[in-house]
file upload.csv (CSV, C-alpha atoms)
chain,number,residue,atom,x,y,z
G,1309,MET,CA,0.0,0.0,0.0
G,1310,GLU,CA,1.4,3.4,-1.0
G,1311,ILE,CA,1.4,6.1,1.7
G,1312,THR,CA,2.0,9.8,0.8
G,1313,ILE,CA,1.8,13.0,2.8
G,1314,ASP,CA,1.2,16.3,1.1
G,1315,GLY,CA,3.7,19.1,1.5
G,1316,ALA,CA,1.5,21.0,3.9
G,1317,GLY,CA,1.3,17.9,6.2
G,1318,LYS,CA,-2.5,18.0,6.1
G,1319,MET,CA,-3.4,14.9,4.0
G,1320,ILE,CA,-2.4,11.3,4.2
G,1321,HIS,CA,-3.2,9.1,1.2
G,1322,CYS,CA,-3.5,5.4,2.0
G,1323,GLY,CA,-3.7,3.9,-1.4
G,1324,ARG,CA,-6.9,5.4,-3.0
G,1325,THR,CA,-8.3,6.5,0.4
G,1326,GLY,CA,-7.7,10.0,1.6
G,1327,TYR,CA,-7.5,10.6,5.4
G,1328,ARG,CA,-7.6,14.1,6.8
G,1329,PRO,CA,-6.8,14.1,10.5
G,1330,ALA,CA,-7.0,17.1,12.8
G,1331,TRP,CA,-3.3,17.3,13.4
G,1332,ASP,CA,-3.3,20.4,15.6
G,1333,GLN,CA,-5.6,18.6,18.0
G,1334,LEU,CA,-3.7,15.3,18.2
G,1335,LEU,CA,-2.5,15.1,21.8
G,1336,GLY,CA,-2.4,18.8,21.9
G,1337,LEU,CA,1.0,18.7,20.3
G,1338,ARG,CA,2.6,20.3,17.2
G,1339,LEU,CA,4.1,17.4,15.2
G,1340,ASP,CA,7.4,17.4,13.4
G,1341,ARG,CA,7.9,15.5,10.2
G,1342,ARG,CA,9.1,12.3,11.9
G,1343,MET,CA,6.1,12.2,14.2
G,1344,LEU,CA,3.8,12.9,11.3
G,1345,VAL,CA,5.1,9.8,9.4
G,1346,GLY,CA,4.4,7.7,12.5
G,1347,ALA,CA,0.9,9.1,12.8
G,1348,ALA,CA,0.4,8.4,9.1
G,1349,LEU,CA,1.3,4.7,9.5
G,1350,ALA,CA,-1.0,4.5,12.5
G,1351,ALA,CA,-3.8,6.1,10.6
G,1352,CYS,CA,-3.5,3.8,7.6
G,1353,PHE,CA,-2.8,0.5,9.3
G,1354,GLY,CA,-3.9,1.0,12.9
G,1355,ALA,CA,-1.5,1.7,15.7
G,1356,SER,CA,-1.5,-1.9,16.8
G,1357,THR,CA,0.1,-3.0,13.5
G,1358,VAL,CA,3.0,-0.5,13.5
G,1359,ARG,CA,6.2,-2.0,14.8
G,1360,ALA,CA,9.7,-0.6,14.9
G,1361,GLN,CA,12.1,-2.9,13.1
G,1362,PRO,CA,15.0,-4.2,15.2
G,1363,ASP,CA,18.4,-2.8,14.4
G,1364,PRO,CA,20.2,-5.4,12.3
G,1365,LEU,CA,23.6,-3.9,13.2
G,1366,PRO,CA,23.4,-3.0,16.9
G,1367,SER,CA,27.1,-3.0,17.5
G,1368,TRP,CA,27.7,-0.4,14.7
G,1369,ASN,CA,27.5,3.3,15.7
G,1370,GLU,CA,25.1,5.4,13.7
G,1371,GLY,CA,27.0,7.1,10.9
G,1372,THR,CA,28.2,7.0,7.4
G,1373,ALA,CA,29.6,3.4,7.6
G,1374,LYS,CA,26.5,1.8,8.9
G,1375,LYS,CA,24.2,3.8,6.7
G,1376,SER,CA,26.1,3.0,3.5
G,1377,ILE,CA,25.8,-0.7,4.3
G,1378,THR,CA,22.1,-0.7,5.0
G,1379,ASP,CA,21.3,1.7,2.1
G,1380,PHE,CA,23.2,-0.6,-0.3
G,1381,VAL,CA,21.4,-3.7,0.9
G,1382,ALA,CA,18.1,-2.0,0.5
G,1383,ARG,CA,18.9,-0.9,-3.0
G,1384,VAL,CA,19.9,-4.3,-4.2
G,1385,THR,CA,17.2,-6.3,-2.5
G,1386,THR,CA,14.1,-4.2,-3.4
G,1387,PRO,CA,12.2,-5.8,-6.3
G,1388,GLY,CA,11.7,-3.4,-9.1
G,1389,ALA,CA,14.5,-1.1,-8.0
G,1390,PRO,CA,17.0,0.0,-10.6
G,1391,ASP,CA,19.9,-1.7,-8.6
G,1392,PHE,CA,18.0,-4.9,-7.8
G,1393,VAL,CA,20.2,-8.0,-7.7
G,1394,PRO,CA,18.6,-11.5,-8.1
G,1395,VAL,CA,19.2,-13.8,-5.2
G,1396,ASP,CA,21.4,-16.2,-7.1
G,1397,HIS,CA,23.8,-13.3,-7.8
G,1398,ARG,CA,24.0,-12.0,-4.2
G,1399,ILE,CA,27.6,-13.1,-3.4
G,1400,ALA,CA,29.4,-11.4,-0.5
G,1401,THR,CA,33.1,-12.2,0.2
G,1402,PHE,CA,35.0,-11.5,3.3
G,1403,ASP,CA,38.7,-11.7,4.1
G,1404,ASN,CA,39.3,-13.5,7.4
G,1405,ASP,CA,42.5,-12.2,9.2
G,1406,GLY,CA,41.9,-8.7,10.4
G,1407,THR,CA,38.5,-8.5,8.8
G,1408,LEU,CA,36.5,-11.2,10.7
G,1409,TRP,CA,38.9,-11.8,13.6
G,1410,SER,CA,42.0,-10.2,15.0
G,1411,GLU,CA,45.5,-10.8,13.5
G,1412,GLN,CA,47.9,-9.4,15.9
G,1413,PRO,CA,50.6,-9.8,17.2
G,1414,VAL,CA,51.0,-12.5,14.5
G,1415,TYR,CA,48.5,-14.2,12.2
G,1416,PHE,CA,46.8,-16.8,14.2
G,1417,GLN,CA,47.6,-19.6,11.8
G,1418,VAL,CA,51.3,-18.7,12.2
G,1419,GLN,CA,50.9,-19.0,16.0
G,1420,PHE,CA,49.3,-22.4,15.4
G,1421,ALA,CA,52.4,-23.4,13.5
G,1422,PHE,CA,54.7,-22.1,16.1
G,1423,ASP,CA,52.9,-24.0,18.8
G,1424,ARG,CA,53.0,-27.2,16.7
G,1425,ILE,CA,56.8,-26.8,16.3
G,1426,LYS,CA,57.2,-26.6,20.1
G,1427,ALA,CA,55.0,-29.7,20.6
G,1428,LEU,CA,56.9,-31.7,18.0
G,1429,ALA,CA,60.4,-30.5,19.0
G,1430,PRO,CA,61.2,-33.5,21.2
G,1431,GLN,CA,60.8,-35.8,18.2
G,1432,HIS,CA,63.2,-33.6,16.1
G,1433,PRO,CA,66.5,-32.8,18.1
G,1434,GLU,CA,68.0,-31.5,14.8
G,1435,TRP,CA,65.7,-28.5,15.0
G,1436,ARG,CA,67.8,-27.0,17.8
G,1437,THR,CA,70.6,-26.2,15.4
G,1438,ARG,CA,68.7,-25.7,12.2
G,1439,GLN,CA,67.0,-22.5,11.1
G,1440,PRO,CA,64.2,-21.4,11.2
G,1441,PHE,CA,63.4,-23.9,13.9
G,1442,LYS,CA,66.3,-22.8,16.1
G,1443,ALA,CA,65.2,-19.2,16.2
G,1444,LEU,CA,61.6,-20.1,17.0
G,1445,LEU,CA,62.5,-22.5,19.8
G,1446,GLU,CA,64.8,-19.9,21.3
G,1447,ARG,CA,62.2,-17.2,20.9
G,1448,ASP,CA,64.7,-15.2,18.9
G,1449,ILE,CA,62.4,-12.6,17.5
G,1450,LYS,CA,65.1,-10.7,15.6
G,1451,ALA,CA,66.3,-13.8,13.9
G,1452,MET,CA,62.8,-14.8,12.9
G,1453,ALA,CA,62.1,-11.4,11.5
G,1454,ALA,CA,65.4,-11.6,9.4
G,1455,LEU,CA,64.2,-14.9,7.9
G,1456,GLY,CA,61.1,-13.2,6.4
G,1457,GLU,CA,58.2,-14.9,4.8
G,1458,LYS,CA,60.4,-17.5,3.2
G,1459,GLY,CA,61.6,-18.5,6.6
G,1460,LEU,CA,58.0,-19.6,7.5
G,1461,LEU,CA,57.8,-22.1,4.7
G,1462,PRO,CA,59.8,-24.9,6.4
G,1463,ILE,CA,57.7,-24.3,9.5
G,1464,ILE,CA,54.4,-24.5,7.6
G,1465,ALA,CA,55.7,-27.6,5.8
G,1466,ALA,CA,56.7,-29.3,9.1
G,1467,THR,CA,53.4,-28.6,10.8
G,1468,HIS,CA,50.9,-28.9,7.9
G,1469,ALA,CA,52.1,-31.8,5.9
G,1470,GLY,CA,52.8,-35.6,6.2
G,1471,MET,CA,49.4,-36.5,7.6
G,1472,THR,CA,45.9,-37.1,6.3
G,1473,ILE,CA,43.4,-34.3,6.1
G,1474,GLU,CA,41.4,-35.9,8.9
G,1475,GLU,CA,44.5,-35.9,11.2
G,1476,PHE,CA,45.2,-32.3,10.3
G,1477,GLU,CA,41.6,-31.3,11.0
G,1478,LYS,CA,41.8,-32.9,14.5
G,1479,THR,CA,45.1,-31.1,15.2
G,1480,VAL,CA,43.5,-27.7,14.3
G,1481,THR,CA,40.3,-28.5,16.2
G,1482,ASP,CA,42.3,-29.4,19.4
G,1483,TRP,CA,44.4,-26.2,19.1
G,1484,ILE,CA,41.4,-24.0,18.6
G,1485,ALA,CA,39.8,-25.6,21.7
G,1486,THR,CA,42.9,-25.1,24.0
G,1487,ALA,CA,45.1,-22.3,22.8
G,1488,ARG,CA,44.8,-18.9,24.4
G,1489,HIS,CA,45.6,-15.5,22.9
G,1490,PRO,CA,48.7,-14.0,24.8
G,1491,ARG,CA,47.0,-10.6,25.3
G,1492,PHE,CA,43.5,-11.5,26.1
G,1493,ASP,CA,44.0,-14.9,27.6
G,1494,ARG,CA,41.0,-16.2,25.7
G,1495,PRO,CA,40.5,-18.8,22.9
G,1496,TYR,CA,41.3,-17.3,19.6
G,1497,THR,CA,37.8,-17.8,18.3
G,1498,ASP,CA,36.7,-15.3,21.1
G,1499,LEU,CA,38.5,-12.7,19.1
G,1500,VAL,CA,36.0,-12.6,16.3
G,1501,TYR,CA,34.5,-9.2,15.6
G,1502,GLN,CA,30.9,-8.7,16.9
G,1503,PRO,CA,30.0,-6.1,14.3
G,1504,MET,CA,31.1,-8.4,11.5
G,1505,LEU,CA,29.2,-11.3,12.9
G,1506,GLU,CA,26.1,-9.0,12.7
G,1507,LEU,CA,27.0,-8.0,9.2
G,1508,LEU,CA,27.3,-11.6,8.1
G,1509,ALA,CA,23.9,-12.5,9.6
G,1510,TYR,CA,22.4,-9.3,8.0
G,1511,MET,CA,23.7,-10.2,4.6
G,1512,ARG,CA,22.4,-13.8,4.8
G,1513,GLY,CA,19.1,-12.5,6.1
G,1514,ASN,CA,18.8,-10.6,2.8
G,1515,GLY,CA,19.5,-13.5,0.5
G,1516,PHE,CA,23.3,-13.2,0.2
G,1517,ARG,CA,25.7,-16.2,0.3
G,1518,THR,CA,28.6,-15.3,2.5
G,1519,PHE,CA,32.1,-16.6,1.6
G,1520,ILE,CA,35.5,-16.3,3.3
G,1521,VAL,CA,38.3,-15.5,0.8
G,1522,SER,CA,41.5,-15.5,2.8
G,1523,GLY,CA,45.2,-15.8,2.4
G,1524,GLY,CA,45.0,-18.3,5.3
G,1525,GLY,CA,45.1,-22.0,4.8
G,1526,ILE,CA,41.8,-23.4,3.6
G,1527,GLU,CA,42.2,-26.6,5.7
G,1528,PHE,CA,43.1,-24.5,8.8
G,1529,MET,CA,39.9,-22.5,8.6
G,1530,ARG,CA,37.3,-25.1,7.6
G,1531,PRO,CA,37.2,-27.0,10.9
G,1532,TRP,CA,35.9,-24.0,12.8
G,1533,THR,CA,34.4,-21.3,10.5
G,1534,GLU,CA,30.9,-22.7,10.6
G,1535,LYS,CA,30.7,-22.5,14.4
G,1536,ALA,CA,32.4,-19.2,14.6
G,1537,TYR,CA,30.8,-17.3,11.6
G,1538,GLY,CA,28.0,-19.5,10.3
G,1539,ILE,CA,30.0,-20.1,7.1
G,1540,PRO,CA,30.2,-23.8,6.1
G,1541,PRO,CA,33.4,-25.4,4.8
G,1542,GLU,CA,32.3,-25.3,1.2
G,1543,GLN,CA,32.1,-21.5,1.3
G,1544,VAL,CA,35.7,-21.1,2.5
G,1545,VAL,CA,38.3,-20.1,-0.1
G,1546,GLY,CA,41.9,-20.1,1.0
G,1547,SER,CA,45.5,-20.9,0.3
G,1548,SER,CA,46.1,-24.6,-0.1
G,1549,GLY,CA,48.8,-27.2,-0.2
G,1550,VAL,CA,49.1,-30.3,-2.5
G,1551,THR,CA,47.1,-33.3,-1.4
G,1552,ARG,CA,47.6,-36.8,-2.7
G,1553,TRP,CA,45.3,-39.7,-3.0
G,1554,HIS,CA,46.6,-42.8,-1.2
G,1555,MET,CA,45.0,-46.2,-0.5
G,1556,GLY,CA,46.0,-47.4,2.9
G,1557,PRO,CA,47.1,-51.0,3.7
G,1558,ASP,CA,43.7,-51.8,5.1
G,1559,GLY,CA,42.0,-50.6,1.9
G,1560,THR,CA,40.9,-47.3,3.3
G,1561,PRO,CA,41.4,-44.3,0.9
G,1562,VAL,CA,42.9,-41.2,2.4
G,1563,LEU,CA,44.1,-37.8,1.2
G,1564,LEU,CA,47.7,-37.0,2.4
G,1565,LYS,CA,48.9,-33.5,2.8
G,1566,GLU,CA,52.3,-32.8,1.1
G,1567,ALA,CA,54.8,-30.1,1.8
G,1568,LYS,CA,54.1,-28.4,-1.5
G,1569,ILE,CA,52.1,-25.2,-2.1
G,1570,ASP,CA,49.2,-25.6,-4.6
G,1571,PHE,CA,47.5,-22.2,-4.5
G,1572,VAL,CA,48.1,-18.9,-2.7
G,1573,ASP,CA,44.8,-17.1,-2.2
G,1574,ASP,CA,46.2,-13.6,-1.5
G,1575,GLY,CA,46.6,-10.4,-3.5
G,1576,PRO,CA,46.0,-11.1,-7.2
G,1577,GLY,CA,45.3,-14.7,-6.2
G,1578,LYS,CA,42.0,-13.7,-4.5
G,1579,PRO,CA,40.1,-12.9,-7.8
G,1580,VAL,CA,41.5,-16.2,-9.2
G,1581,GLY,CA,40.3,-18.1,-6.2
G,1582,ILE,CA,36.9,-16.5,-6.4
G,1583,ASN,CA,36.6,-17.5,-10.0
G,1584,ARG,CA,37.9,-21.0,-9.4
G,1585,PHE,CA,35.9,-21.9,-6.3
G,1586,ILE,CA,32.8,-19.6,-6.4
G,1587,GLY,CA,32.2,-19.0,-10.1
G,1588,ARG,CA,30.5,-15.7,-9.6
G,1589,ARG,CA,31.9,-12.2,-9.2
G,1590,PRO,CA,30.9,-10.7,-5.8
G,1591,VAL,CA,28.7,-7.7,-5.5
G,1592,PHE,CA,29.8,-7.1,-1.9
G,1593,ALA,CA,33.4,-7.5,-0.6
G,1594,PHE,CA,35.2,-6.6,2.7
G,1595,GLY,CA,38.8,-6.7,3.5
G,1596,ASN,CA,41.4,-4.9,5.7
G,1597,SER,CA,44.8,-4.9,4.0
G,1598,ASP,CA,46.7,-4.6,0.8
G,1599,GLY,CA,46.3,-8.3,0.3
G,1600,ASP,CA,42.6,-7.6,-0.3
G,1601,GLN,CA,43.0,-4.8,-2.8
G,1602,GLN,CA,42.6,-7.0,-5.9
G,1603,MET,CA,39.5,-8.7,-4.5
G,1604,LEU,CA,37.9,-5.3,-4.0
G,1605,GLU,CA,39.0,-4.2,-7.5
G,1606,TRP,CA,37.5,-7.4,-9.0
G,1607,THR,CA,34.3,-6.8,-7.2
G,1608,ALA,CA,34.1,-3.1,-8.3
G,1609,GLY,CA,34.8,-4.1,-11.9
G,1610,GLY,CA,31.4,-5.8,-12.3
G,1611,SER,CA,28.3,-4.2,-13.7
G,1612,GLY,CA,25.5,-2.8,-11.5
G,1613,ALA,CA,25.6,-1.8,-7.9
G,1614,ARG,CA,28.8,-2.8,-6.0
G,1615,PHE,CA,30.0,-2.4,-2.4
G,1616,MET,CA,33.7,-2.5,-1.4
G,1617,GLY,CA,34.8,-2.0,2.2
G,1618,LEU,CA,37.9,-2.0,4.4
G,1619,VAL,CA,38.3,-2.4,8.1
G,1620,HIS,CA,40.9,0.2,9.4
G,1621,HIS,CA,42.4,-0.8,12.8
G,1622,THR,CA,42.4,2.4,14.8
G,1623,ASP,CA,41.5,1.3,18.4
G,1624,VAL,CA,44.7,0.7,20.3
G,1625,GLU,CA,42.9,0.3,23.6
G,1626,ARG,CA,40.3,-2.3,22.7
G,1627,GLU,CA,42.2,-4.0,19.9
G,1628,TRP,CA,45.2,-2.5,17.9
G,1629,ALA,CA,46.0,0.5,15.8
G,1630,TYR,CA,48.1,-0.1,12.7
G,1631,ASP,CA,48.1,0.4,8.9
G,1632,ARG,CA,50.8,1.5,6.5
G,1633,THR,CA,54.0,0.2,8.2
G,1634,SER,CA,52.6,-2.9,9.9
G,1635,PRO,CA,54.3,-6.2,9.0
G,1636,VAL,CA,51.0,-7.9,9.8
G,1637,GLY,CA,47.9,-6.7,7.9
G,1638,ARG,CA,49.5,-3.7,6.2
G,1639,LEU,CA,47.0,-1.2,4.9
G,1640,ASP,CA,48.7,1.1,2.5
G,1641,LYS,CA,48.0,0.9,-1.2
G,1642,ALA,CA,44.5,-0.4,-0.7
G,1643,TRP,CA,43.7,2.5,1.6
G,1644,ASP,CA,44.8,5.0,-1.0
G,1645,GLU,CA,42.8,3.1,-3.6
G,1646,ALA,CA,39.7,3.2,-1.3
G,1647,VAL,CA,40.0,6.9,-0.8
G,1648,ARG,CA,40.5,7.5,-4.5
G,1649,ARG,CA,37.5,5.4,-5.5
G,1650,GLY,CA,35.1,6.2,-2.7
G,1651,TRP,CA,35.1,2.7,-1.1
G,1652,LEU,CA,34.0,2.5,2.5
G,1653,VAL,CA,36.8,2.6,5.1
G,1654,VAL,CA,35.5,1.5,8.5
G,1655,ASP,CA,37.2,3.3,11.4
G,1656,MET,CA,37.1,0.7,14.1
G,1657,LYS,CA,37.3,3.1,17.0
G,1658,ARG,CA,34.7,5.5,15.6
G,1659,ASP,CA,32.3,3.1,13.9
G,1660,TRP,CA,32.1,0.1,16.3
G,1661,LYS,CA,30.4,0.2,19.7
G,1662,VAL,CA,32.1,-3.0,20.7
G,1663,ILE,CA,34.9,-5.1,19.1
G,1664,TYR,CA,34.4,-8.6,20.5
G,1665,PRO,CA,31.3,-10.5,21.6
G,1666,PHE,CA,32.6,-10.7,25.2
G,1667,GLU,CA,32.4,-6.9,25.5
G,1668,LYS,CA,28.6,-6.9,25.3

call {"tool": "encode", "arguments": {"input": "upload.csv", "output": "structure tokens"}}
result
Amino acid sequence: MEITIDGAGKMIHCGRTGYRPAWDQLLGLRLDRRMLVGAALAACFGASTVRAQPDPLPSWNEGTAKKSITDFVARVTTPGAPDFVPVDHRIATFDNDGTLWSEQPVYFQVQFAFDRIKALAPQHPEWRTRQPFKALLERDIKAMAALGEKGLLPIIAATHAGMTIEEFEKTVTDWIATARHPRFDRPYTDLVYQPMLELLAYMRGNGFRTFIVSGGGIEFMRPWTEKAYGIPPEQVVGSSGVTRWHMGPDGTPVLLKEAKIDFVDDGPGKPVGINRFIGRRPVFAFGNSDGDQQMLEWTAGGSGARFMGLVHHTDVEREWAYDRTSPVGRLDKAWDEAVRRGWLVVDMKRDWKVIYPFEK
């Protein structure tokens, strides 16, 4: 039913029926425009049928960031609207580290690998004299930093390979259940972002399929993302190692993880991963670092309405503050691109009422 109010605020049109209330007599008050709209709804439908809709994003402060999200969703989900997107094309992709959960002081998967090296060290005495294992076991931060990303590869190989996918899944599940973050002394899955949990639920409630597209390992994420985010394993896209089919001596087929990289889902690899594993270009994408720039550019390059967003870590008290010079989650070129192209940059300190669910 269409409701219109004339410019003088004297006539409400409910469909084809005109209703002329005595506004100056209503409760003896002079009504502003917002009160007039409320009275219009009550007049047309009856006061008992007028209900305030619950806030879908209660942990987001009112402002440009929140409004840009809700306005976009309204535009693309309203039948007949110029920007309407059919349900089967409503794809929303989210980076994981630094976008859906924290990533400091090191990426959580890296901490998992470090913990596994310590647990396996008694079986490998040679690690005490071989880098990068020696630096890790001695907690030599300078030596680890000097090794760079390449120095992590032997650690990842030693902790992520040589086992079946089921054995690796159990290792990850056990670690998630017992490991504690050094700053908060909480399980790592407690450090998911409450505002982003609400955003994921809001998108799904409006017909979107939500996908993780992360540089993290796909088999590291899959065991826990459904419980943490409501995102099932088949909607997780990540970096992956080579797996090999093997028939066990008892006739049981297994997939073995090898110490070889198959696919890196970061930077330019993210659009490739989206195409390979999802098969549709997103219309909505969120990241937080330069590793997400190409995913946002790929999203923006499609036709029709598009939404691109970045989480900017600005809250040193409740979380961390970092961007251009951070070795973890660097936000530099992607930030400049977002400003140039008008993408949303969420200021964590300004735009989020709470960071984590345990703050509520």

call {"tool": "residues_around", "arguments": {"input": "upload.csv", "residues": "segment 1480-1487 of chain G", "least_positions_apart": "3", "cutoff": "8 Å", "atoms": "only C-alpha atoms", "output": "number ranges by chain"}}
result
G: 1420, 1476-1477, 1494-1497, 1528, 1531-1532

call {"tool": "closest_residue", "arguments": {"input": "upload.csv", "among": "G:Leu1508, G:Val1521, G:Val1414, G:Ile1539", "to": "Arg1491 of chain G", "atoms": "only C-alpha atoms"}}
result
G:Val1414

call {"tool": "residues_around", "arguments": {"input": "upload.csv", "residues": "segment 1367-1371 of chain G", "least_positions_apart": "6", "cutoff": "7 Å", "atoms": "all atoms listed in the file", "output": "list of chain:residue names"}}
result
G:Gln1502, G:Pro1503, G:Asp1659, G:Trp1660, G:Lys1661, G:Val1662

call {"tool": "write_last_selection", "arguments": {"input": "upload.csv", "atoms": "C-alpha atoms", "output": "CSV table (one decimal), in the frame of the given file"}}
result
chain,number,residue,atom,x,y,z
G,1502,GLN,CA,30.9,-8.7,16.9
G,1503,PRO,CA,30.0,-6.1,14.3
G,1659,ASP,CA,32.3,3.1,13.9
G,1660,TRP,CA,32.1,0.1,16.3
G,1661,LYS,CA,30.4,0.2,19.7
G,1662,VAL,CA,32.1,-3.0,20.7

call {"tool": "closest_residue", "arguments": {"input": "upload.csv", "among": "G:Ile1569, G:Ala1454, G:Ala1400, G:Ala1469", "to": "Arg1517 of chain G", "atoms": "only C-alpha atoms"}}
result
G:Ala1400

call {"tool": "residues_around", "arguments": {"input": "upload.csv", "residues": "Ile1377 of chain G", "least_positions_apart": "6", "cutoff": "12 Å", "atoms": "all atoms listed in the file", "output": "list in words"}}
result
Pro1364, Leu1365, Trp1368, Glu1370, Gly1371, Arg1383, Val1384, Met1504, Glu1506, Leu1507, Leu1508, Tyr1510, Met1511, Phe1592, Ala1593, Phe1594, Arg1614, Phe1615, Met1616, Gly1617, Trp1651, Leu1652, Val1653 and Val1654 of chain G

call {"tool": "residues_near_point", "arguments": {"input": "upload.csv", "point": "(36.9, -12.8, 0.8)", "cutoff": "10 Å", "atoms": "only C-alpha atoms", "output": "count of residues only"}}
result
30

call {"tool": "atom_distance", "arguments": {"input": "upload.csv", "atom1": "atom CA of Pro1576 of chain G", "atom2": "atom CA of Thr1533 of chain G"}}
result
23.5 Å

call {"tool": "closest_residue", "arguments": {"input": "upload.csv", "among": "G:Lys1478, G:His1554, G:Arg1424, G:Arg1658", "to": "Asp1623 of chain G", "atoms": "only C-alpha atoms"}}
result
G:Arg1658

call {"tool": "atom_distance", "arguments": {"input": "upload.csv", "atom1": "atom CA of Ser1597 of chain G", "atom2": "atom CA of Asp1640 of chain G"}}
result
7.3 Å

call {"tool": "closest_residue", "arguments": {"input": "upload.csv", "among": "G:Gly1388, G:Gln1417, G:Leu1505, G:Ala1429", "to": "Glu1534 of chain G", "atoms": "all atoms listed in the file"}}
result
G:Leu1505

call {"tool": "residues_around", "arguments": {"input": "upload.csv", "residues": "segment 1441-1444 of chain G", "least_positions_apart": "3", "cutoff": "9 Å", "atoms": "all atoms listed in the file", "output": "PyMOL selection string"}}
result
chain G and resi 1422+1425-1426+1429+1434-1438+1447-1452+1462-1463

call {"tool": "write_last_selection", "arguments": {"input": "upload.csv", "atoms": "C-alpha atoms", "output": "tab-separated table (two decimals), keeping the file's coordinate frame"}}
result
chain	number	residue	atom	x	y	z
G	1422	PHE	CA	54.70	-22.10	16.10
G	1425	ILE	CA	56.80	-26.80	16.30
G	1426	LYS	CA	57.20	-26.60	20.10
G	1429	ALA	CA	60.40	-30.50	19.00
G	1434	GLU	CA	68.00	-31.50	14.80
G	1435	TRP	CA	65.70	-28.50	15.00
G	1436	ARG	CA	67.80	-27.00	17.80
G	1437	THR	CA	70.60	-26.20	15.40
G	1438	ARG	CA	68.70	-25.70	12.20
G	1447	ARG	CA	62.20	-17.20	20.90
G	1448	ASP	CA	64.70	-15.20	18.90
G	1449	ILE	CA	62.40	-12.60	17.50
G	1450	LYS	CA	65.10	-10.70	15.60
G	1451	ALA	CA	66.30	-13.80	13.90
G	1452	MET	CA	62.80	-14.80	12.90
G	1462	PRO	CA	59.80	-24.90	6.40
G	1463	ILE	CA	57.70	-24.30	9.50

call {"tool": "closest_atom_pairs", "arguments": {"input": "upload.csv", "of": "segment 1467-1539 of chain G", "to": "segment 1408-1412 of chain G", "cutoff": "6 Å", "atoms": "all atoms listed in the file", "output": "CSV"}}
result
residue,atom,partner,partner_atom,distance
G:Leu1499,CA,G:Trp1409,CA,5.6
G:Val1500,CA,G:Trp1409,CA,4.0
G:Tyr1501,CA,G:Trp1409,CA,5.5

call {"tool": "residues_around", "arguments": {"input": "upload.csv", "residues": "Arg1638 of chain G", "least_positions_apart": "3", "cutoff": "12 Å", "atoms": "only C-alpha atoms", "output": "PyMOL selection string"}}
result
chain G and resi 1405-1406+1411-1412+1595-1601+1618-1621+1629-1635+1641-1643

call {"tool": "atom_distance", "arguments": {"input": "upload.csv", "atom1": "atom CA of Pro1540 of chain G", "atom2": "atom CA of Lys1565 of chain G"}}
result
21.3 Å

call {"tool": "closest_residue", "arguments": {"input": "upload.csv", "among": "G:Asp1655, G:Glu1566, G:Asp1379, G:Asp1644", "to": "Trp1628 of chain G", "atoms": "only C-alpha atoms"}}
result
G:Asp1655

call {"tool": "decode", "arguments": {"input": "upload.csv", "residues": "segment 1642-1653 of chain G", "atoms": "N, CA and C atoms", "output": "PDB file, in the first residue's frame"}}
result
ATOM      1  N   ALA G1642      45.981  -0.219  -0.623  1.00  0.00           N
ATOM      2  CA  ALA G1642      44.529  -0.441  -0.677  1.00  0.00           C
ATOM      3  C   ALA G1642      43.773   0.723  -0.050  1.00  0.00           C
ATOM      4  N   TRP G1643      44.351   1.321   0.977  1.00  0.00           N
ATOM      5  CA  TRP G1643      43.738   2.484   1.628  1.00  0.00           C
ATOM      6  C   TRP G1643      43.687   3.650   0.639  1.00  0.00           C
ATOM      7  N   ASP G1644      44.807   3.918  -0.017  1.00  0.00           N
ATOM      8  CA  ASP G1644      44.826   4.993  -1.011  1.00  0.00           C
ATOM      9  C   ASP G1644      43.808   4.733  -2.116  1.00  0.00           C
ATOM     10  N   GLU G1645      43.718   3.482  -2.541  1.00  0.00           N
ATOM     11  CA  GLU G1645      42.759   3.132  -3.593  1.00  0.00           C
ATOM     12  C   GLU G1645      41.323   3.338  -3.116  1.00  0.00           C
ATOM     13  N   ALA G1646      41.063   2.981  -1.862  1.00  0.00           N
ATOM     14  CA  ALA G1646      39.710   3.157  -1.307  1.00  0.00           C
ATOM     15  C   ALA G1646      39.320   4.628  -1.262  1.00  0.00           C
ATOM     16  N   VAL G1647      40.251   5.480  -0.840  1.00  0.00           N
ATOM     17  CA  VAL G1647      39.974   6.921  -0.784  1.00  0.00           C
ATOM     18  C   VAL G1647      39.746   7.468  -2.182  1.00  0.00           C
ATOM     19  N   ARG G1648      40.576   7.043  -3.125  1.00  0.00           N
ATOM     20  CA  ARG G1648      40.465   7.545  -4.503  1.00  0.00           C
ATOM     21  C   ARG G1648      39.158   7.142  -5.149  1.00  0.00           C
ATOM     22  N   ARG G1649      38.680   5.913  -4.848  1.00  0.00           N
ATOM     23  CA  ARG G1649      37.516   5.387  -5.544  1.00  0.00           C
ATOM     24  C   ARG G1649      36.228   5.454  -4.721  1.00  0.00           C
ATOM     25  N   GLY G1650      36.323   5.990  -3.504  1.00  0.00           N
ATOM     26  CA  GLY G1650      35.122   6.162  -2.704  1.00  0.00           C
ATOM     27  C   GLY G1650      34.613   4.900  -2.048  1.00  0.00           C
ATOM     28  N   TRP G1651      35.499   3.934  -1.800  1.00  0.00           N
ATOM     29  CA  TRP G1651      35.096   2.735  -1.072  1.00  0.00           C
ATOM     30  C   TRP G1651      34.943   3.064   0.411  1.00  0.00           C
ATOM     31  N   LEU G1652      34.174   2.266   1.107  1.00  0.00           N
ATOM     32  CA  LEU G1652      34.000   2.485   2.538  1.00  0.00           C
ATOM     33  C   LEU G1652      35.261   2.057   3.291  1.00  0.00           C
ATOM     34  N   VAL G1653      35.738   2.926   4.182  1.00  0.00           N
ATOM     35  CA  VAL G1653      36.806   2.579   5.115  1.00  0.00           C
ATOM     36  C   VAL G1653      36.218   2.698   6.523  1.00  0.00           C
TER      37      VAL G1653
END
